[in-house]
file my_file.cif (mmCIF, C-alpha atoms (C1' of nucleotides))
data_work
#
loop_
_atom_site.label_atom_id
_atom_site.label_comp_id
_atom_site.auth_asym_id
_atom_site.auth_seq_id
_atom_site.Cartn_x
_atom_site.Cartn_y
_atom_site.Cartn_z
CA MET A 29 83.67 -70.48 -21.31
CA ASN A 30 79.98 -70.28 -22.12
CA ILE A 31 79.41 -73.91 -21.29
CA ASN A 32 80.06 -73.09 -17.65
CA LYS A 33 76.90 -70.99 -17.56
CA LEU A 34 74.98 -74.05 -18.66
CA ILE A 35 76.66 -76.22 -16.01
CA GLU A 36 75.93 -73.64 -13.34
CA SER A 37 72.30 -73.33 -14.34
CA PHE A 38 72.01 -77.11 -13.99
CA SER A 39 73.84 -77.42 -10.69
CA ASN A 40 71.04 -76.55 -8.37
CA ASP A 41 71.55 -77.94 -4.89
CA ILE A 42 69.17 -80.81 -5.41
CA PHE A 43 70.84 -82.85 -8.14
CA PRO A 44 74.53 -81.90 -8.46
CA LEU A 45 76.32 -83.18 -11.54
CA SER A 46 79.27 -85.54 -11.44
CA GLU A 47 82.56 -84.87 -13.24
CA GLU A 48 81.59 -87.42 -15.84
CA GLU A 49 78.23 -85.79 -16.44
CA ILE A 50 79.83 -82.36 -16.80
CA ASN A 51 82.28 -83.73 -19.34
CA GLN A 52 79.45 -85.33 -21.27
CA LEU A 53 77.61 -82.04 -21.43
CA LYS A 54 80.76 -80.26 -22.56
CA SER A 55 81.29 -82.74 -25.36
CA LYS A 56 77.70 -82.75 -26.64
CA PHE A 57 76.80 -79.05 -26.68
CA LYS A 58 78.04 -76.97 -29.62
CA GLU A 59 78.48 -73.22 -29.43
CA ARG A 60 77.07 -70.94 -32.17
CA GLN A 61 77.01 -67.21 -32.79
CA ILE A 62 73.65 -65.92 -34.01
CA LYS A 63 73.09 -62.53 -35.61
CA ARG A 64 70.15 -60.27 -34.88
CA ARG A 65 67.10 -61.33 -36.98
CA GLN A 66 68.67 -64.73 -37.71
CA PHE A 67 66.41 -67.79 -37.33
CA ILE A 68 67.35 -70.98 -35.53
CA LEU A 69 63.97 -72.53 -36.35
CA GLN A 70 61.45 -71.77 -39.07
CA GLU A 71 57.94 -73.03 -39.75
CA GLY A 72 58.01 -76.25 -41.73
CA ASP A 73 61.43 -77.33 -40.49
CA VAL A 74 61.91 -80.08 -37.94
CA CYS A 75 63.40 -78.68 -34.73
CA LYS A 76 66.82 -80.34 -34.46
CA HIS A 77 68.21 -78.90 -31.22
CA TYR A 78 67.53 -78.07 -27.63
CA THR A 79 69.03 -74.60 -27.26
CA PHE A 80 70.58 -72.86 -24.25
CA VAL A 81 70.98 -69.09 -24.57
CA SER A 82 74.28 -68.00 -23.03
CA GLU A 83 74.19 -64.43 -24.41
CA GLY A 84 71.47 -62.44 -26.11
CA CYS A 85 67.75 -62.79 -26.57
CA PHE A 86 65.32 -64.83 -28.67
CA LYS A 87 61.62 -64.87 -29.41
CA LEU A 88 59.56 -67.97 -30.11
CA TYR A 89 56.45 -67.18 -32.15
CA LYS A 90 53.79 -68.51 -34.44
CA ILE A 91 52.06 -66.83 -37.37
CA ASP A 92 48.30 -66.62 -36.79
CA HIS A 93 45.61 -66.97 -39.48
CA SER A 94 45.71 -63.24 -40.24
CA GLY A 95 49.48 -63.33 -40.82
CA LYS A 96 50.54 -61.65 -37.57
CA GLU A 97 53.40 -62.87 -35.37
CA ARG A 98 52.28 -64.03 -31.92
CA ASN A 99 55.06 -64.34 -29.38
CA LEU A 100 54.76 -67.37 -27.14
CA GLN A 101 58.05 -66.99 -25.29
CA PHE A 102 61.15 -64.86 -24.86
CA SER A 103 64.42 -66.46 -23.74
CA ILE A 104 67.44 -64.51 -22.53
CA GLU A 105 70.82 -65.59 -21.16
CA ASN A 106 70.68 -68.74 -18.97
CA GLU A 107 67.30 -69.72 -20.33
CA TRP A 108 66.26 -72.49 -22.73
CA ILE A 109 64.32 -72.40 -25.96
CA SER A 110 63.05 -75.08 -28.31
CA ASP A 111 59.96 -76.54 -29.93
CA LEU A 112 59.75 -79.67 -27.82
CA GLY A 113 56.90 -81.17 -29.80
CA SER A 114 58.78 -80.95 -33.07
CA LEU A 115 62.08 -82.01 -31.49
CA TYR A 116 60.80 -85.22 -29.93
CA SER A 117 58.30 -86.25 -32.57
CA GLU A 118 60.62 -85.25 -35.45
CA THR A 119 57.70 -83.58 -37.23
CA PRO A 120 57.70 -80.16 -38.93
CA SER A 121 57.32 -77.24 -36.57
CA ALA A 122 54.68 -74.52 -36.77
CA LEU A 123 56.94 -72.12 -34.87
CA TYR A 124 59.74 -69.67 -35.49
CA ILE A 125 62.69 -68.98 -33.18
CA GLU A 126 64.45 -65.73 -34.07
CA ALA A 127 67.27 -63.76 -32.44
CA ILE A 128 66.22 -60.33 -31.18
CA GLU A 129 69.87 -59.47 -30.40
CA GLN A 130 73.30 -60.71 -31.45
CA SER A 131 73.48 -63.91 -29.41
CA THR A 132 75.61 -66.84 -28.33
CA ILE A 133 73.91 -70.20 -27.90
CA LEU A 134 74.77 -73.77 -26.98
CA GLN A 135 72.90 -76.50 -28.83
CA ILE A 136 72.50 -80.21 -28.39
CA GLU A 137 71.11 -82.51 -31.05
CA ARG A 138 68.17 -84.77 -30.43
CA LYS A 139 70.16 -88.00 -30.64
CA ASP A 140 72.79 -86.73 -28.18
CA LEU A 141 70.08 -85.52 -25.83
CA VAL A 142 68.41 -88.94 -25.88
CA TYR A 143 71.80 -90.54 -25.26
CA LEU A 144 72.34 -88.34 -22.21
CA TYR A 145 68.81 -88.98 -20.94
CA THR A 146 69.39 -92.71 -21.18
CA HIS A 147 72.83 -92.94 -19.64
CA PHE A 148 72.90 -90.08 -17.13
CA PRO A 149 69.86 -89.95 -14.84
CA ASN A 150 70.98 -86.68 -13.25
CA ILE A 151 70.90 -84.96 -16.60
CA ASP A 152 67.45 -86.32 -17.35
CA ARG A 153 66.35 -85.10 -13.92
CA ASN A 154 67.72 -81.62 -14.49
CA PHE A 155 65.79 -81.37 -17.74
CA ARG A 156 62.69 -82.53 -15.90
CA VAL A 157 63.13 -79.71 -13.39
CA ILE A 158 63.65 -77.16 -16.16
CA ILE A 159 60.47 -78.11 -17.97
CA GLU A 160 58.50 -78.34 -14.71
CA ASN A 161 59.47 -74.77 -13.86
CA SER A 162 58.55 -73.65 -17.37
CA PHE A 163 55.17 -75.34 -16.98
CA ILE A 164 54.52 -73.64 -13.63
CA ALA A 165 55.39 -70.22 -15.08
CA LEU A 166 53.23 -70.82 -18.15
CA GLN A 167 50.29 -71.86 -16.00
CA LYS A 168 50.55 -68.60 -14.04
CA ARG A 169 50.64 -66.65 -17.28
CA MET A 170 47.59 -68.58 -18.48
CA PHE A 171 45.74 -67.55 -15.33
CA GLN A 172 46.48 -63.91 -16.18
CA ASN A 173 45.22 -64.43 -19.70
CA ILE A 174 41.85 -65.86 -18.70
CA SER A 175 41.24 -63.56 -15.73
CA ALA A 176 43.01 -60.20 -16.13
CA THR A 177 42.74 -57.12 -18.33
CA ALA A 178 45.48 -56.16 -20.77
CA GLU A 179 46.76 -53.56 -18.31
CA GLU A 180 47.06 -56.13 -15.53
CA ARG A 181 48.81 -58.54 -17.91
CA TYR A 182 51.30 -55.83 -18.84
CA LEU A 183 52.05 -55.05 -15.18
CA TYR A 184 52.48 -58.78 -14.53
CA PHE A 185 54.93 -58.98 -17.42
CA LEU A 186 56.95 -56.06 -16.05
CA LYS A 187 57.05 -57.74 -12.64
CA THR A 188 57.92 -61.26 -13.78
CA ARG A 189 60.38 -60.29 -16.56
CA PRO A 190 62.06 -57.16 -15.10
CA ASN A 191 65.16 -57.56 -17.26
CA LEU A 192 63.25 -57.81 -20.48
CA PHE A 193 61.00 -54.76 -20.99
CA ASN A 194 63.94 -52.41 -21.55
CA ARG A 195 65.56 -54.73 -24.11
CA ILE A 196 62.75 -55.42 -26.54
CA SER A 197 60.34 -53.22 -28.48
CA ASN A 198 56.79 -52.61 -27.38
CA VAL A 199 55.62 -54.21 -30.59
CA GLN A 200 57.16 -57.48 -29.36
CA ILE A 201 55.67 -57.11 -25.90
CA ALA A 202 52.21 -56.38 -27.36
CA SER A 203 52.43 -59.54 -29.44
CA TYR A 204 53.34 -61.50 -26.30
CA LEU A 205 50.46 -60.04 -24.29
CA GLY A 206 47.95 -60.58 -27.07
CA VAL A 207 47.08 -56.92 -27.67
CA THR A 208 47.76 -54.46 -30.49
CA PRO A 209 50.75 -52.10 -30.23
CA GLU A 210 48.32 -49.16 -30.33
CA PHE A 211 46.44 -50.36 -27.30
CA LEU A 212 49.65 -51.13 -25.39
CA SER A 213 50.60 -47.52 -26.06
CA THR A 214 47.42 -46.25 -24.40
CA ILE A 215 48.00 -48.59 -21.47
CA ARG A 216 51.52 -47.23 -21.00
CA LYS A 217 50.21 -43.68 -21.15
CA LYS A 218 47.60 -44.42 -18.52
CA ILE A 219 50.14 -46.07 -16.19
CA ALA A 220 52.58 -43.15 -16.58
CA HIS A 221 49.86 -40.63 -15.64
CA SER A 222 48.89 -42.44 -12.43
CA MET B 6 43.03 -102.90 -10.50
CA ASN B 7 43.21 -99.17 -10.99
CA ILE B 8 46.97 -99.10 -10.61
CA ASN B 9 47.22 -100.95 -13.92
CA LYS B 10 45.83 -97.91 -15.70
CA LEU B 11 48.68 -95.91 -14.27
CA ILE B 12 51.25 -98.53 -15.30
CA GLU B 13 49.80 -98.64 -18.80
CA SER B 14 49.84 -94.87 -19.16
CA PHE B 15 53.51 -94.97 -18.20
CA SER B 16 54.50 -97.82 -20.45
CA ASN B 17 54.90 -95.98 -23.67
CA ASP B 18 57.20 -97.74 -26.11
CA ILE B 19 60.14 -95.49 -25.38
CA PHE B 20 60.90 -96.20 -21.73
CA PRO B 21 59.29 -99.48 -20.64
CA LEU B 22 59.22 -100.13 -16.91
CA SER B 23 60.93 -103.07 -15.23
CA GLU B 24 59.17 -105.46 -12.87
CA GLU B 25 60.93 -103.80 -9.97
CA GLU B 26 59.78 -100.34 -11.06
CA ILE B 27 56.20 -101.52 -11.46
CA ASN B 28 56.26 -103.00 -7.98
CA GLN B 29 57.64 -99.77 -6.59
CA LEU B 30 54.82 -97.80 -8.19
CA LYS B 31 52.26 -100.25 -6.84
CA SER B 32 53.61 -99.90 -3.33
CA LYS B 33 53.83 -96.10 -3.31
CA PHE B 34 50.52 -95.05 -4.86
CA LYS B 35 47.44 -95.07 -2.61
CA GLU B 36 43.92 -95.35 -3.97
CA ARG B 37 41.18 -92.97 -2.78
CA GLN B 38 37.51 -92.50 -3.55
CA ILE B 39 36.51 -88.85 -3.98
CA LYS B 40 32.94 -87.58 -3.92
CA ARG B 41 31.56 -84.98 -6.31
CA ARG B 42 32.41 -81.45 -5.03
CA GLN B 43 35.08 -82.83 -2.69
CA PHE B 44 38.44 -81.01 -2.66
CA ILE B 45 41.82 -82.70 -2.83
CA LEU B 46 43.61 -79.33 -2.62
CA GLN B 47 42.47 -75.97 -1.25
CA GLU B 48 44.03 -72.52 -1.33
CA GLY B 49 46.40 -72.06 1.59
CA ASP B 50 47.21 -75.75 1.94
CA VAL B 51 50.50 -77.25 0.81
CA CYS B 52 49.96 -79.69 -2.06
CA LYS B 53 51.01 -83.06 -0.64
CA HIS B 54 50.44 -85.42 -3.59
CA TYR B 55 50.89 -86.01 -7.26
CA THR B 56 47.51 -87.36 -8.34
CA PHE B 57 46.56 -89.77 -11.11
CA VAL B 58 42.87 -89.84 -12.04
CA SER B 59 41.78 -93.42 -12.75
CA GLU B 60 38.03 -92.66 -12.82
CA GLY B 61 36.11 -89.41 -12.87
CA CYS B 62 36.92 -85.78 -13.50
CA PHE B 63 38.58 -82.88 -11.67
CA LYS B 64 39.00 -79.17 -12.19
CA LEU B 65 42.03 -77.16 -11.11
CA TYR B 66 41.19 -73.51 -10.55
CA LYS B 67 42.19 -70.29 -8.87
CA ILE B 68 39.97 -67.55 -7.43
CA ASP B 69 40.60 -64.23 -9.18
CA HIS B 70 40.58 -60.80 -7.53
CA SER B 71 36.83 -60.41 -8.13
CA GLY B 72 36.07 -63.72 -6.42
CA LYS B 73 35.36 -65.78 -9.54
CA GLU B 74 36.68 -69.29 -10.17
CA ARG B 75 39.05 -69.50 -13.15
CA ASN B 76 39.64 -73.02 -14.43
CA LEU B 77 43.22 -73.70 -15.45
CA GLN B 78 42.87 -77.40 -16.19
CA PHE B 79 40.51 -80.33 -16.35
CA SER B 80 41.79 -83.86 -15.75
CA ILE B 81 39.85 -87.00 -16.56
CA GLU B 82 40.70 -90.70 -16.34
CA ASN B 83 44.33 -91.51 -17.20
CA GLU B 84 45.42 -87.91 -16.71
CA TRP B 85 47.42 -86.25 -13.93
CA ILE B 86 46.66 -83.31 -11.71
CA SER B 87 48.64 -81.43 -9.10
CA ASP B 88 50.02 -78.05 -8.12
CA LEU B 89 53.65 -78.76 -8.96
CA GLY B 90 54.92 -75.46 -7.56
CA SER B 91 53.39 -76.07 -4.15
CA LEU B 92 54.29 -79.77 -4.15
CA TYR B 93 58.00 -79.29 -4.80
CA SER B 94 58.58 -76.07 -2.87
CA GLU B 95 56.34 -77.18 0.03
CA THR B 96 54.72 -73.74 0.13
CA PRO B 97 50.97 -72.97 0.40
CA SER B 98 49.05 -73.30 -2.83
CA ALA B 99 46.90 -70.61 -4.44
CA LEU B 100 44.87 -73.27 -6.26
CA TYR B 101 41.92 -75.54 -5.70
CA ILE B 102 41.49 -79.06 -7.06
CA GLU B 103 37.88 -80.23 -6.89
CA ALA B 104 36.08 -83.33 -8.12
CA ILE B 105 33.44 -82.62 -10.78
CA GLU B 106 32.25 -86.25 -10.64
CA GLN B 107 32.49 -89.14 -8.21
CA SER B 108 36.10 -90.20 -8.81
CA THR B 109 38.80 -92.73 -8.06
CA ILE B 110 42.36 -91.47 -7.79
CA LEU B 111 45.85 -92.77 -7.09
CA GLN B 112 48.13 -90.53 -5.09
CA ILE B 113 51.81 -90.51 -4.29
CA GLU B 114 53.35 -88.38 -1.56
CA ARG B 115 56.17 -85.98 -2.21
CA LYS B 116 58.78 -87.94 -0.28
CA ASP B 117 57.91 -91.19 -2.07
CA LEU B 118 57.98 -89.42 -5.41
CA VAL B 119 61.45 -88.01 -4.68
CA TYR B 120 62.55 -91.48 -3.63
CA LEU B 121 61.36 -92.96 -6.92
CA TYR B 122 62.97 -90.14 -8.91
CA THR B 123 66.29 -90.78 -7.21
CA HIS B 124 66.37 -94.57 -7.41
CA PHE B 125 64.49 -95.35 -10.60
CA PRO B 126 65.61 -93.34 -13.61
CA ASN B 127 62.87 -94.75 -15.82
CA ILE B 128 60.21 -93.42 -13.50
CA ASP B 129 61.84 -90.00 -13.44
CA ARG B 130 61.97 -90.11 -17.24
CA ASN B 131 58.30 -90.99 -17.54
CA PHE B 132 57.37 -88.05 -15.37
CA ARG B 133 59.56 -85.85 -17.55
CA VAL B 134 57.65 -86.99 -20.62
CA ILE B 135 54.29 -86.38 -18.91
CA ILE B 136 55.16 -82.83 -17.97
CA GLU B 137 56.73 -82.13 -21.36
CA ASN B 138 53.50 -83.16 -23.07
CA SER B 139 51.52 -80.99 -20.65
CA PHE B 140 53.79 -78.06 -21.47
CA ILE B 141 53.36 -78.53 -25.21
CA ALA B 142 49.56 -78.67 -24.88
CA LEU B 143 49.53 -75.60 -22.63
CA GLN B 144 51.67 -73.66 -25.08
CA LYS B 145 49.20 -74.43 -27.86
CA ARG B 146 46.35 -73.27 -25.67
CA MET B 147 48.31 -70.09 -24.89
CA PHE B 148 48.62 -69.42 -28.60
CA GLN B 149 44.84 -69.61 -28.89
CA ASN B 150 44.45 -67.21 -25.98
CA ILE B 151 46.68 -64.52 -27.43
CA SER B 152 45.55 -64.86 -31.04
CA ALA B 153 42.00 -66.17 -31.31
CA THR B 154 38.49 -64.99 -30.55
CA ALA B 155 36.36 -66.64 -27.88
CA GLU B 156 34.48 -68.55 -30.57
CA GLU B 157 37.72 -69.96 -32.02
CA ARG B 158 38.90 -70.91 -28.54
CA TYR B 159 35.65 -72.75 -27.90
CA LEU B 160 35.96 -74.68 -31.18
CA TYR B 161 39.57 -75.52 -30.29
CA PHE B 162 38.42 -76.80 -26.92
CA LEU B 163 35.76 -79.01 -28.54
CA LYS B 164 38.40 -80.39 -30.90
CA THR B 165 41.17 -81.02 -28.37
CA ARG B 166 38.97 -82.29 -25.51
CA PRO B 167 36.23 -84.18 -27.39
CA ASN B 168 35.38 -86.36 -24.39
CA LEU B 169 34.96 -83.45 -22.04
CA PHE B 170 32.35 -81.04 -23.38
CA ASN B 171 29.44 -83.43 -22.80
CA ARG B 172 30.53 -84.19 -19.21
CA ILE B 173 30.90 -80.74 -17.70
CA SER B 174 28.66 -77.69 -17.53
CA ASN B 175 29.05 -74.73 -19.85
CA VAL B 176 29.72 -72.59 -16.80
CA GLN B 177 32.90 -74.62 -16.23
CA ILE B 178 33.89 -74.42 -19.88
CA ALA B 179 33.34 -70.64 -19.92
CA SER B 180 35.60 -70.27 -16.89
CA TYR B 181 38.27 -72.34 -18.68
CA LEU B 182 38.01 -70.27 -21.86
CA GLY B 183 38.08 -66.97 -19.99
CA VAL B 184 34.61 -65.75 -21.03
CA THR B 185 31.31 -65.31 -19.22
CA PRO B 186 28.69 -68.07 -19.36
CA GLU B 187 26.33 -65.59 -21.06
CA PHE B 188 28.73 -64.95 -23.88
CA LEU B 189 29.49 -68.65 -24.31
CA SER B 190 25.76 -69.12 -24.72
CA THR B 191 25.66 -66.63 -27.60
CA ILE B 192 28.67 -68.34 -29.16
CA ARG B 193 26.93 -71.72 -28.99
CA LYS B 194 23.81 -70.26 -30.53
CA LYS B 195 25.79 -68.77 -33.37
CA ILE B 196 27.61 -72.06 -34.07
CA ALA B 197 24.36 -74.04 -34.01
CA HIS B 198 22.78 -71.72 -36.58
CA SER B 199 25.64 -72.03 -39.05
"C1'" DC C 20 70.61 -39.52 -47.00
"C1'" DG C 21 66.38 -42.11 -47.32
"C1'" DC C 22 63.61 -45.92 -45.96
"C1'" DG C 23 61.33 -48.67 -42.85
"C1'" DA C 24 60.27 -49.85 -38.09
"C1'" DC C 25 58.70 -47.66 -34.02
"C1'" DG C 26 55.69 -45.18 -30.68
"C1'" DT C 27 51.92 -42.42 -30.35
"C1'" DT C 28 47.24 -40.14 -31.01
"C1'" DG C 29 42.40 -39.98 -32.50
"C1'" DA C 30 37.85 -41.65 -34.65
"C1'" DT C 31 35.15 -45.44 -35.26
"C1'" DT C 32 33.71 -50.21 -34.76
"C1'" DT C 33 33.35 -54.59 -32.55
"C1'" DG C 34 33.90 -58.30 -29.09
"C1'" DC C 35 32.75 -59.22 -24.87
"C1'" DC C 36 31.04 -57.90 -20.12
"C1'" DT C 37 27.52 -56.47 -16.73
"C1'" DC C 38 23.20 -56.66 -14.97
"C1'" DA C 39 18.57 -58.28 -14.95
"C1'" DA C 40 15.24 -61.58 -15.90
"C1'" DC C 41 13.21 -66.07 -17.23
"C1'" DG C 42 12.01 -71.16 -17.50
"C1'" DA C 43 14.10 -75.68 -16.99
"C1'" DT C 44 16.81 -78.78 -14.51
"C1'" DT C 45 19.09 -80.60 -10.59
"C1'" DG C 46 19.62 -81.52 -5.93
"C1'" DT C 47 18.48 -81.60 -1.15
"C1'" DG C 48 16.28 -81.60 3.24
"C1'" DG C 49 12.07 -82.31 5.61
"C1'" DC D 4 8.60 -88.43 -2.21
"C1'" DC D 5 7.57 -83.92 -2.53
"C1'" DA D 6 8.67 -78.95 -2.13
"C1'" DC D 7 11.70 -75.71 -2.29
"C1'" DA D 8 16.26 -73.87 -3.30
"C1'" DA D 9 20.08 -73.63 -6.12
"C1'" DT D 10 22.32 -73.99 -10.39
"C1'" DC D 11 22.02 -73.93 -15.22
"C1'" DG D 12 21.29 -72.21 -19.94
"C1'" DT D 13 19.43 -68.60 -22.31
"C1'" DT D 14 17.88 -63.88 -23.95
"C1'" DG D 15 18.15 -58.80 -24.14
"C1'" DA D 16 19.65 -53.89 -23.10
"C1'" DG D 17 23.32 -51.15 -22.29
"C1'" DG D 18 28.28 -50.19 -21.48
"C1'" DC D 19 33.19 -50.77 -21.63
"C1'" DA D 20 37.60 -52.82 -23.32
"C1'" DA D 21 40.16 -53.48 -27.07
"C1'" DA D 22 40.56 -53.78 -32.28
"C1'" DT D 23 40.80 -51.45 -36.66
"C1'" DC D 24 42.19 -47.95 -39.64
"C1'" DA D 25 44.53 -43.78 -40.66
"C1'" DA D 26 47.89 -40.44 -39.80
"C1'" DC D 27 52.26 -38.35 -38.17
"C1'" DG D 28 56.92 -37.36 -36.15
"C1'" DT D 29 61.08 -39.82 -34.64
"C1'" DC D 30 64.80 -42.78 -34.84
"C1'" DG D 31 68.13 -46.39 -36.32
"C1'" DC D 32 70.15 -48.55 -39.98
"C1'" DG D 33 71.66 -49.68 -44.65
#
call {"tool": "encode", "arguments": {"input": "my_file.cif", "output": "structure tokens"}}
result
Amino acid sequence: MNINKLIESFSNDIFPLSEEEINQLKSKFKERQIKRRQFILQEGDVCKHYTFVSEGCFKLYKIDHSGKERNLQFSIENEWISDLGSLYSETPSALYIEAIEQSTILQIERKDLVYLYTHFPNIDRNFRVIIENSFIALQKRMFQNISATAEERYLYFLKTRPNLFNRISNVQIASYLGVTPEFLSTIRKKIAHS
Amino acid sequence: MNINKLIESFSNDIFPLSEEEINQLKSKFKERQIKRRQFILQEGDVCKHYTFVSEGCFKLYKIDHSGKERNLQFSIENEWISDLGSLYSETPSALYIEAIEQSTILQIERKDLVYLYTHFPNIDRNFRVIIENSFIALQKRMFQNISATAEERYLYFLKTRPNLFNRISNVQIASYLGVTPEFLSTIRKKIAHS
DNA sequence: CGCGACGTTGATTTGCCTCAACGATTGTGG
DNA sequence: CCACAATCGTTGAGGCAAATCAACGTCGCG
């Protein structure tokens, strides 16, 4: 069962879940199959779910003023993806979430999530830990972006996401790093020759 | 009392605090006066506190490989500042937190914070909301960094932190934007003449 | 099979950095 | 309280990092 992956990813040693909490999670999360190139969120729509990726890979991106996709995040199996701002404020999102591969996800609706937050402190706590870790990782990436060259950012990406670079195209990686695909190509050439 | 600012910043409409929770917060947070240029965290030290700024202004930065300070965050009154990674994992920090102005802060120690998380779900929840909002803001800033020019990033900074640009030097702002002070100067000149 | 996305290369342009210099402001110790 | 040092904001010359634009062969997919 895919839900077990979610339970396992929650059950760090610090805040183990009770039987009751596990059953609640099982009853509130719905499984969906998502095809490659299918969207689970599009600009203008309100984000309705918090999504756990049990199989596959997604990108979260925004269209910039020149019409180009800019990847803010990739999420693979056992990772989460959502537009938190849109989800909580129930306002239209500016983001897209699109499957890069055939994927299996588990989704919880806003109202069920709020119910779990309110009645099951351990679940709330586990979501706090998840977002804290996401914040820490994003802050490190931000440091790279204000201090490092594109080449250093690419090497940092390879190091921190070792299971990702061989699954997605260089076009996607370039968009994530904030460089053009052409320049990423010259970076890769330079690294290979050294 | 400065602690009331903290209580107020917690008491959003969604998860109001009980009397008991307010008293717990009052008993666990300690007030400190911090002089301009004084550090409350230095590289190599373990971050011991979660800090609420009730008066003043701090910068959180890291030294890059060329020896330059790179500002990751500013926090002014009613905002939080900490190195979450170091605080929770109890490992040495790579960051500095330094007062830009004479400041008053309220600090809670790790063990007291964990105690509050465990026994007072509403407090845990409020910290979840704080970090979620920080994550959302950081993700927006990241979008700017991978898609916009330095001039656009500067205008975005002026818009999103309107109370900040007239309190801190352009050197600090340049470090936050990821440009040199010289280039920020040419940006400012260009904006003024248009 | 044919079309579109991909990865790559090269020529040119541009955004931003480096280094050096300057007056104005701030701060600090004597 | 003054003198000196340090930091700040700015300007300019020159250089490098990365973007733009154009082109081309390859591959996967419909």
call {"tool": "resolve_selection", "arguments": {"input": "my_file.cif", "expression": "the PyMOL selection byres ((chain D and resi 19-26) around 10)", "output": "ChimeraX atom specification"}}
result
/A:177-178,207-208,210-212 /C:28-37 /D:17-18,27
call {"tool": "residues_around", "arguments": {"input": "my_file.cif", "residues": "region 126-142 of chain A", "least_positions_apart": "2", "cutoff": "7 Å", "atoms": "only C-alpha atoms (C1' of nucleotides)", "output": "PyMOL selection string"}}
result
chain A and resi 56-68+76-88+115+124+144-146
call {"tool": "interface_residues", "arguments": {"input": "my_file.cif", "of": "chain B", "to": "chain A", "cutoff": "8 Å", "atoms": "all atoms listed in the file", "output": "number ranges by chain"}}
result
B: 67, 69, 75, 77, 89-90, 122, 126, 129-130, 132-133, 136-141, 143-144, 147-148, 150-152, 180-184
call {"tool": "resolve_selection", "arguments": {"input": "my_file.cif", "expression": "the PyMOL selection byres ((chain D and resi 30) around 10)", "output": "PyMOL selection string"}}
result
(chain C and resi 24-25) or (chain D and resi 28-29+31-32)
call {"tool": "interface_residues", "arguments": {"input": "my_file.cif", "of": "chain B", "to": "chain D", "cutoff": "12 Å", "atoms": "all atoms listed in the file", "output": "list of chain:residue names"}}
result
B:Thr154, B:Ile173, B:Ser174, B:Asn175, B:Val176, B:Gln177, B:Pro186, B:Glu187, B:Phe188, B:Leu189, B:Ser190, B:Thr191, B:Ile192, B:Arg193, B:Lys194
call {"tool": "atom_distance", "arguments": {"input": "my_file.cif", "atom1": "CA of Ser121 (chain A)", "atom2": "CA of Lys54 (chain A)"}}
result
27.5 Å
call {"tool": "closest_residue", "arguments": {"input": "my_file.cif", "among": "C:DA43, C:DC38, C:DG49, C:DC22", "to": "chain B", "atoms": "only C-alpha atoms (C1' of nucleotides)"}}
result
C:DC38
call {"tool": "atom_distance", "arguments": {"input": "my_file.cif", "atom1": "CA of His198 (chain B)", "atom2": "CA of Phe162 (chain B)"}}
result
19.1 Å
call {"tool": "atom_distance", "arguments": {"input": "my_file.cif", "atom1": "CA of Ser87 (chain B)", "atom2": "CA of Leu46 (chain B)"}}
result
8.5 Å
call {"tool": "closest_residue", "arguments": {"input": "my_file.cif", "among": "A:Cys75, A:Ile201, A:Ile104, A:Ile151", "to": "Phe38 (chain A)", "atoms": "only C-alpha atoms"}}
result
A:Ile151
call {"tool": "axis_aligned_box", "arguments": {"input": "my_file.cif", "around": "region 27-33 of chain D", "padding_each_side": "6 Å", "output": "lines of an AutoDock Vina configuration file"}}
result
center_x = 62.0
center_y = -43.5
center_z = -39.6
size_x = 31.4
size_y = 24.3
size_z = 22.0
call {"tool": "closest_residue", "arguments": {"input": "my_file.cif", "among": "B:Thr165, B:Glu156, B:Gln47, B:Thr96", "to": "chain C", "atoms": "only C-alpha atoms (C1' of nucleotides)"}}
result
B:Glu156
call {"tool": "build_atoms", "arguments": {"input": "my_file.cif", "residues": "region 58-65 of chain B", "atoms": "N, CA and C atoms", "output": "PDB file, in the coordinates of the input"}}
result
ATOM      1  N   VAL B  58      44.319 -89.603 -12.023  1.00  0.00           N
ATOM      2  CA  VAL B  58      42.870 -89.840 -12.040  1.00  0.00           C
ATOM      3  C   VAL B  58      42.608 -91.158 -12.754  1.00  0.00           C
ATOM      4  N   SER B  59      42.095 -92.173 -12.038  1.00  0.00           N
ATOM      5  CA  SER B  59      41.780 -93.420 -12.750  1.00  0.00           C
ATOM      6  C   SER B  59      40.322 -93.473 -13.164  1.00  0.00           C
ATOM      7  N   GLU B  60      39.438 -92.780 -12.428  1.00  0.00           N
ATOM      8  CA  GLU B  60      38.030 -92.660 -12.820  1.00  0.00           C
ATOM      9  C   GLU B  60      37.533 -91.284 -12.421  1.00  0.00           C
ATOM     10  N   GLY B  61      36.732 -90.664 -13.278  1.00  0.00           N
ATOM     11  CA  GLY B  61      36.110 -89.410 -12.870  1.00  0.00           C
ATOM     12  C   GLY B  61      36.723 -88.191 -13.532  1.00  0.00           C
ATOM     13  N   CYS B  62      36.525 -87.052 -12.888  1.00  0.00           N
ATOM     14  CA  CYS B  62      36.920 -85.780 -13.500  1.00  0.00           C
ATOM     15  C   CYS B  62      37.158 -84.710 -12.433  1.00  0.00           C
ATOM     16  N   PHE B  63      38.235 -83.959 -12.608  1.00  0.00           N
ATOM     17  CA  PHE B  63      38.580 -82.880 -11.670  1.00  0.00           C
ATOM     18  C   PHE B  63      38.793 -81.569 -12.415  1.00  0.00           C
ATOM     19  N   LYS B  64      38.600 -80.478 -11.677  1.00  0.00           N
ATOM     20  CA  LYS B  64      39.000 -79.170 -12.190  1.00  0.00           C
ATOM     21  C   LYS B  64      40.048 -78.581 -11.270  1.00  0.00           C
ATOM     22  N   LEU B  65      41.031 -77.905 -11.854  1.00  0.00           N
ATOM     23  CA  LEU B  65      42.030 -77.160 -11.110  1.00  0.00           C
ATOM     24  C   LEU B  65      41.775 -75.683 -11.374  1.00  0.00           C
TER      25      LEU B  65
END
